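The structure appears below as structure tokens.
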Amino acid sequence: MSTPTKDEIFERVKTLLVELFEVDPAKVAPEAQLYDDLEVDSIDAIDLILQLKDYTGKKVRPEDFKHVRTVGDVVEAVQSLFAAP
Amino acid sequence: MNAARTLPLQAGAWLDRRWRQAATGFCFLVFGVVGLLFGVTVFPAACLSTRDPAVAKRRAQWIVSRWFSAFSRLMRFAGVISWEIHGAGKLRQRGQLIIANHPTLIDVVLLIGYIPQVDCIVKEALFRNPFTRFPITWAGYISNRSGSGAPPTQLVDDCAAALRAGNSLLIFPEGTRSVPGQPIHIPHGSARIALQAGVPVLPVTIQCEPIMLSKHVPWHRVPARPGHFRIVVGDPVDVSHYLREARSTAIAARRLSRDWTRYFELHRGGAAPIAPSGRAVTQ
């Protein structure tokens with residue numbers, strides 16, 4: 001399976017945010033703060049991480065997302081998950 | 001000439017302010033001392049004389065309520081505040097989630113003075129403050145920060161469990177005092193508690209005019225007149241339809257939080273009370 005590009009990952013994350021939390025798609029940008037701008041709180045994050053686990057097919061630990069603050073951070077975390085063995 | 005005429009007035013206003021500064025300081029001093037003294041005398045005496053932790057907690061909450069009521073009257077007697085409350089009787093109903101907006105430091109004191117038995121979420125720092133830690137521990141209040149390593153859902157689970165057990169719970173959904181002039185922001189945690197517990201929600205609107213003891217304002221900066229509190233207790237609302245209408249709890253909690261935000265924005269400005277979005281519970 002080929003690894004998705006950064007743009008593809010971003011689109012996937014955006015779709016998830018809209019589907020899971022009814023986030024306004026216009027607000028989803030790489031620099032958008034999950035909590036302050038999109039109101040995705042720590043409990044929402046559990047749902048999001050579960051979905052990303054399905055998406056990457058990798059084992060995801062909460063620590064992988066510990067330092068995630070923005071949508072761009074999520075994309076990077078997912079990228080490194082894909083890169084992981 | 002003008003100056004001569006206004007001078008006594010100005011001096012009066014100056015004295016009035018200095019008096020209220022001193023009186024506010026005195027009240028807070030009393031608050032701290034009583035919290036500490038009661039915490040090591042009255043509370044243990046009332047709570048350790050029973051073996052039933054539920055009875056101990058009920059007694060402690062009753063003492064807190066009586067003490068907060070007395071403290072509110074002390075502040076009124078000192079000329080620091082005045083207040084009016086509408087629908088106070090509805091606060092005493094058990095097993096409901098009471099939500100209120102949070103303009104000032106003493107909102108919780110005024111409200112709990114009318115509720116003999118209620119759980120409450122308090123900020124973690126108050127559990128470490130020697131003047132507040134004993135009463136709030138005896139009363140079984142819930143810390144806003146669950147132990148380290150606890151899952152993020154822990155606080156919501158604990159609060160929902162307390163409500164389902166038949167207790168009432170008082171929450172300021174904003175999580176902290178609002179900043180005057182700024183829009184209200186409500187995180188979704190309280191809405192999750194309401195949805196998970198499935199109990200009626202009782203909205204309370206608090207206004208203070210002129211504003212005092214607000215966020216980022218030190219207690220000694222008193223307003224030109226004593227702050228007058230207007231507390232309006234709304235009607236209990238059933239929120240279960242939010243869960244039925246949304247495809248997930250996360251979305252239902254967002255919608256409910258948004259509706260609460262609208263409700264408080266509408267009412268804290270002084271408009272006539274109306275039922276928040278949702279169905280009124282008929283009793």
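So you can find residues: chains in the structure tokens are A, B, ... in the order shown, residues in each start at 1, and ligands are numbered from 1 in order.
In plain terms, chain A touches chain B through A:Leu20, A:Phe21, A:Glu22, A:Glu39, A:Asp41, A:Ser42, A:Ile43, A:Asp44, where touching means an atom at most 8 Å away, counting only C-alpha atoms.
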- Task: Would you list, as a ChimeraX atom specification, the residues of segment 173-272 of chain B that end up in helix (DSSP H, G or I) under DSSP run on this structure's backbone?
- Result: /B:189-197,240-245,249-268
- Task: Just the residues within 8 Å of Gln96 of chain B, please, counting only C-alpha atoms, with nothing from its chain fewer than 6 positions along; format it as a ChimeraX atom specification.
- Result: /B:163,166-169,199-202
Can those selected residues be exported to a file as a PDB file, in the first residue's frame so that it contains N, CA and C atoms?
```pdb
ATOM      1  N   LEU B 163     -24.872  12.678  39.690  1.00  0.00           N
ATOM      2  CA  LEU B 163     -26.224  13.117  39.324  1.00  0.00           C
ATOM      3  C   LEU B 163     -27.190  11.939  39.285  1.00  0.00           C
ATOM      4  N   GLY B 166     -28.760  10.810  42.331  1.00  0.00           N
ATOM      5  CA  GLY B 166     -29.826  11.632  42.904  1.00  0.00           C
ATOM      6  C   GLY B 166     -29.349  12.951  43.490  1.00  0.00           C
ATOM      7  N   ASN B 167     -28.036  13.198  43.460  1.00  0.00           N
ATOM      8  CA  ASN B 167     -27.550  14.496  43.946  1.00  0.00           C
ATOM      9  C   ASN B 167     -27.775  15.561  42.883  1.00  0.00           C
ATOM     10  N   SER B 168     -27.805  16.806  43.325  1.00  0.00           N
ATOM     11  CA  SER B 168     -27.750  17.901  42.366  1.00  0.00           C
ATOM     12  C   SER B 168     -26.303  18.325  42.223  1.00  0.00           C
ATOM     13  N   LEU B 169     -26.006  18.899  41.067  1.00  0.00           N
ATOM     14  CA  LEU B 169     -24.634  19.336  40.811  1.00  0.00           C
ATOM     15  C   LEU B 169     -24.681  20.756  40.256  1.00  0.00           C
ATOM     16  N   VAL B 199     -30.327  13.930  33.275  1.00  0.00           N
ATOM     17  CA  VAL B 199     -31.164  14.608  34.278  1.00  0.00           C
ATOM     18  C   VAL B 199     -31.573  15.978  33.748  1.00  0.00           C
ATOM     19  N   PRO B 200     -32.622  16.585  34.350  1.00  0.00           N
ATOM     20  CA  PRO B 200     -33.013  17.936  33.923  1.00  0.00           C
ATOM     21  C   PRO B 200     -31.899  18.953  34.181  1.00  0.00           C
ATOM     22  N   VAL B 201     -31.843  19.955  33.343  1.00  0.00           N
ATOM     23  CA  VAL B 201     -30.844  21.022  33.477  1.00  0.00           C
ATOM     24  C   VAL B 201     -31.566  22.302  33.893  1.00  0.00           C
ATOM     25  N   LEU B 202     -31.096  22.899  34.974  1.00  0.00           N
ATOM     26  CA  LEU B 202     -31.710  24.133  35.475  1.00  0.00           C
ATOM     27  C   LEU B 202     -30.767  25.306  35.208  1.00  0.00           C
TER      28      LEU B 202
END
```
- Query: Could you pull the residues within 12 Å of Lys58 of chain A, counting only C-alpha atoms, minus those fewer than 6 positions along the same chain, as a ChimeraX atom specification?
  - Reply: /A:49-52,64,77-85
Atoms to include: N, CA and C atoms. Write the selected residues as a compact mmCIF listing (two decimals), in the first residue's frame.
```
# COMPACT_ATOMS: atom_id res chain seq x y z
N ILE A 49 -8.54 10.00 17.54
CA ILE A 49 -7.39 9.09 17.51
C ILE A 49 -7.83 7.68 17.11
N LEU A 50 -9.00 7.27 17.59
CA LEU A 50 -9.51 5.95 17.20
C LEU A 50 -9.70 5.87 15.69
N GLN A 51 -10.23 6.93 15.12
CA GLN A 51 -10.44 6.95 13.67
C GLN A 51 -9.12 6.95 12.92
N LEU A 52 -8.13 7.65 13.46
CA LEU A 52 -6.82 7.71 12.80
C LEU A 52 -6.12 6.35 12.88
N ASP A 64 1.52 9.44 21.12
CA ASP A 64 1.86 9.93 19.79
C ASP A 64 1.21 11.28 19.52
N ALA A 77 1.79 13.98 12.80
CA ALA A 77 1.78 12.77 13.64
C ALA A 77 1.33 11.56 12.82
N VAL A 78 0.33 11.77 11.95
CA VAL A 78 -0.16 10.67 11.11
C VAL A 78 0.92 10.26 10.12
N GLN A 79 1.62 11.26 9.58
CA GLN A 79 2.71 10.97 8.64
C GLN A 79 3.76 10.08 9.29
N SER A 80 4.14 10.41 10.51
CA SER A 80 5.18 9.60 11.15
C SER A 80 4.64 8.22 11.52
N LEU A 81 3.30 8.13 11.74
CA LEU A 81 2.73 6.80 11.98
C LEU A 81 2.86 5.94 10.73
N PHE A 82 2.57 6.54 9.57
CA PHE A 82 2.69 5.80 8.32
C PHE A 82 4.14 5.36 8.09
N ALA A 83 5.06 6.24 8.50
CA ALA A 83 6.49 5.95 8.27
C ALA A 83 7.00 4.88 9.23
N ALA A 84 6.32 4.73 10.37
CA ALA A 84 6.76 3.77 11.37
C ALA A 84 6.64 2.34 10.82
N PRO A 85 7.51 1.45 11.27
CA PRO A 85 7.46 0.08 10.77
C PRO A 85 6.19 -0.66 11.19
```
- Query: So how far away is atom CA of Gly227 of chain B from atom CA of Gly113 of chain B, in Å?
  - Reply: 17.8 Å
Would you list the contacts of segment 87-95 of chain B as a PDB file with C-alpha atoms, in the first residue's frame, taking every protein, DNA or RNA residue within 12 Å and counting only C-alpha atoms, but skipping same-chain residues closer than 3 positions in sequence?
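Printed below is result.pdb as written:
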```pdb
ATOM      1  CA  TRP B  62     -25.716  21.848  54.751  1.00  0.00           C
ATOM      2  CA  SER B  65     -24.928  26.351  52.578  1.00  0.00           C
ATOM      3  CA  GLU B  84     -32.324  39.931  44.288  1.00  0.00           C
ATOM      4  CA  ILE B  98     -27.677  23.481  37.779  1.00  0.00           C
ATOM      5  CA  ILE B  99     -25.728  25.572  35.276  1.00  0.00           C
ATOM      6  CA  ALA B 100     -24.958  29.259  35.736  1.00  0.00           C
ATOM      7  CA  LEU B 110     -24.663  33.490  46.705  1.00  0.00           C
ATOM      8  CA  LEU B 111     -26.075  30.427  44.922  1.00  0.00           C
ATOM      9  CA  ILE B 112     -25.050  27.749  47.416  1.00  0.00           C
ATOM     10  CA  GLY B 113     -26.571  29.901  50.153  1.00  0.00           C
ATOM     11  CA  TYR B 114     -29.916  28.891  48.623  1.00  0.00           C
ATOM     12  CA  ILE B 115     -29.134  25.188  48.085  1.00  0.00           C
ATOM     13  CA  PRO B 116     -28.861  23.062  51.246  1.00  0.00           C
ATOM     14  CA  GLN B 117     -27.532  20.066  49.363  1.00  0.00           C
ATOM     15  CA  VAL B 118     -25.530  20.270  46.185  1.00  0.00           C
ATOM     16  CA  ASP B 119     -22.318  18.887  44.735  1.00  0.00           C
ATOM     17  CA  CYS B 159     -20.182  14.005  37.722  1.00  0.00           C
ATOM     18  CA  ALA B 160     -22.713  11.971  35.759  1.00  0.00           C
ATOM     19  CA  ALA B 161     -22.549   9.256  38.411  1.00  0.00           C
ATOM     20  CA  ALA B 162     -23.186  11.784  41.189  1.00  0.00           C
ATOM     21  CA  LEU B 163     -26.224  13.117  39.324  1.00  0.00           C
ATOM     22  CA  ARG B 164     -27.620   9.681  38.603  1.00  0.00           C
ATOM     23  CA  ALA B 165     -27.273   8.871  42.295  1.00  0.00           C
ATOM     24  CA  GLY B 166     -29.826  11.632  42.904  1.00  0.00           C
ATOM     25  CA  ASN B 167     -27.550  14.496  43.946  1.00  0.00           C
ATOM     26  CA  SER B 168     -27.750  17.901  42.366  1.00  0.00           C
ATOM     27  CA  LEU B 169     -24.634  19.336  40.811  1.00  0.00           C
ATOM     28  CA  LEU B 170     -23.784  23.017  40.367  1.00  0.00           C
ATOM     29  CA  ALA B 194     -25.855  16.620  31.192  1.00  0.00           C
ATOM     30  CA  ALA B 197     -26.534  11.771  33.293  1.00  0.00           C
ATOM     31  CA  GLY B 198     -29.879  12.268  31.558  1.00  0.00           C
ATOM     32  CA  VAL B 199     -31.164  14.608  34.278  1.00  0.00           C
ATOM     33  CA  PRO B 200     -33.013  17.936  33.923  1.00  0.00           C
ATOM     34  CA  VAL B 201     -30.844  21.022  33.477  1.00  0.00           C
ATOM     35  CA  LEU B 202     -31.710  24.133  35.475  1.00  0.00           C
ATOM     36  CA  PRO B 203     -30.215  27.319  33.971  1.00  0.00           C
ATOM     37  CA  VAL B 204     -29.431  30.237  36.280  1.00  0.00           C
ATOM     38  CA  THR B 205     -28.477  33.666  34.992  1.00  0.00           C
ATOM     39  CA  ARG B 230     -29.770  39.906  39.856  1.00  0.00           C
ATOM     40  CA  ILE B 231     -30.117  36.134  39.904  1.00  0.00           C
ATOM     41  CA  VAL B 232     -32.826  34.577  37.755  1.00  0.00           C
ATOM     42  CA  VAL B 233     -33.499  30.855  38.055  1.00  0.00           C
ATOM     43  CA  GLY B 234     -34.939  29.530  34.781  1.00  0.00           C
ATOM     44  CA  ASP B 235     -37.062  26.421  34.317  1.00  0.00           C
ATOM     45  CA  PRO B 236     -35.702  22.869  34.246  1.00  0.00           C
ATOM     46  CA  PRO B 273     -36.126  35.135  30.757  1.00  0.00           C
ATOM     47  CA  GLN B 283     -43.634  18.859  36.983  1.00  0.00           C
TER      48      GLN B 283
END
```
- Item | 12 Å contact set for Ala29 of chain A, only C-alpha atoms, chain neighbours under 2 positions out, as an NGL selection string | :A and (7 or 10-11 or 13-15 or 17 or 23-27 or 31-34 or 37-38 or 70-75)
Write a file of the selected residues as a PDB file, in the first residue's frame, keeping C-alpha atoms.
```pdb
ATOM      1  CA  ASP A   7      -2.187  16.718   1.241  1.00  0.00           C
ATOM      2  CA  PHE A  10      -4.798  16.673   5.497  1.00  0.00           C
ATOM      3  CA  GLU A  11      -7.959  16.047   3.468  1.00  0.00           C
ATOM      4  CA  VAL A  13      -8.176  14.684   8.785  1.00  0.00           C
ATOM      5  CA  LYS A  14     -10.419  17.491   7.592  1.00  0.00           C
ATOM      6  CA  THR A  15     -13.151  15.043   6.580  1.00  0.00           C
ATOM      7  CA  LEU A  17     -13.179  16.628  11.857  1.00  0.00           C
ATOM      8  CA  VAL A  23     -16.465  21.437  12.532  1.00  0.00           C
ATOM      9  CA  ASP A  24     -16.969  24.157   9.913  1.00  0.00           C
ATOM     10  CA  PRO A  25     -14.798  22.964   6.970  1.00  0.00           C
ATOM     11  CA  ALA A  26     -13.821  26.576   6.221  1.00  0.00           C
ATOM     12  CA  LYS A  27     -12.085  26.756   9.598  1.00  0.00           C
ATOM     13  CA  GLU A  31      -2.424  26.268  11.486  1.00  0.00           C
ATOM     14  CA  ALA A  32      -5.883  26.002  13.131  1.00  0.00           C
ATOM     15  CA  GLN A  33      -5.673  25.217  16.851  1.00  0.00           C
ATOM     16  CA  LEU A  34      -7.696  22.106  17.644  1.00  0.00           C
ATOM     17  CA  ASP A  37     -10.251  27.378  17.040  1.00  0.00           C
ATOM     18  CA  LEU A  38     -12.094  24.122  16.381  1.00  0.00           C
ATOM     19  CA  THR A  70      -2.877  22.224  15.517  1.00  0.00           C
ATOM     20  CA  VAL A  71      -4.376  20.424  12.541  1.00  0.00           C
ATOM     21  CA  GLY A  72      -0.901  20.520  10.965  1.00  0.00           C
ATOM     22  CA  ASP A  73       0.464  18.696  14.043  1.00  0.00           C
ATOM     23  CA  VAL A  74      -2.131  15.956  13.517  1.00  0.00           C
ATOM     24  CA  VAL A  75      -1.094  15.587   9.900  1.00  0.00           C
TER      25      VAL A  75
END
```
- Message: Under the rule that only C-alpha atoms are counted, which of A:Lys53, A:Glu63, A:Asp36, A:Leu48 is the nearest residue to Glu19 of chain A?
- Response: A:Leu48
- Item | Per-residue DSSP, segment 43-247 of chain B, filtered to strand (DSSP E), as a ChimeraX atom specification | /B:81-86,97-100,119-122,142-143,169-171,201-209,227-233,237-238
Residues from the last selection, C-alpha atoms, saved as a compact mmCIF listing (two decimals), in the first residue's frame:
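As written to disk, selection-v1.txt reads:
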```
# COMPACT_ATOMS: atom_id res chain seq x y z
CA ILE B 81 -23.24 44.08 47.63
CA SER B 82 -26.99 43.76 47.31
CA TRP B 83 -28.96 41.13 45.46
CA GLU B 84 -32.32 39.93 44.29
CA ILE B 85 -33.16 36.36 43.34
CA HIS B 86 -36.10 35.09 41.33
CA LEU B 97 -27.75 19.80 36.88
CA ILE B 98 -27.68 23.48 37.78
CA ILE B 99 -25.73 25.57 35.28
CA ALA B 100 -24.96 29.26 35.74
CA ASP B 119 -22.32 18.89 44.74
CA CYS B 120 -20.04 21.31 43.02
CA ILE B 121 -16.99 21.29 40.77
CA VAL B 122 -14.25 23.46 42.25
CA ILE B 142 -15.37 17.42 42.91
CA SER B 143 -12.00 18.71 41.68
CA LEU B 169 -24.63 19.34 40.81
CA LEU B 170 -23.78 23.02 40.37
CA ILE B 171 -21.50 23.85 37.44
CA VAL B 201 -30.84 21.02 33.48
CA LEU B 202 -31.71 24.13 35.47
CA PRO B 203 -30.21 27.32 33.97
CA VAL B 204 -29.43 30.24 36.28
CA THR B 205 -28.48 33.67 34.99
CA ILE B 206 -26.38 35.97 37.15
CA GLN B 207 -25.89 39.66 36.46
CA CYS B 208 -23.88 42.06 38.58
CA GLU B 209 -24.28 45.79 38.03
CA GLY B 227 -22.59 45.73 43.03
CA HIS B 228 -26.21 44.63 42.70
CA PHE B 229 -26.72 40.99 41.79
CA ARG B 230 -29.77 39.91 39.86
CA ILE B 231 -30.12 36.13 39.90
CA VAL B 232 -32.83 34.58 37.76
CA VAL B 233 -33.50 30.86 38.05
CA VAL B 237 -35.07 21.60 30.73
CA ASP B 238 -34.98 18.05 29.38
```
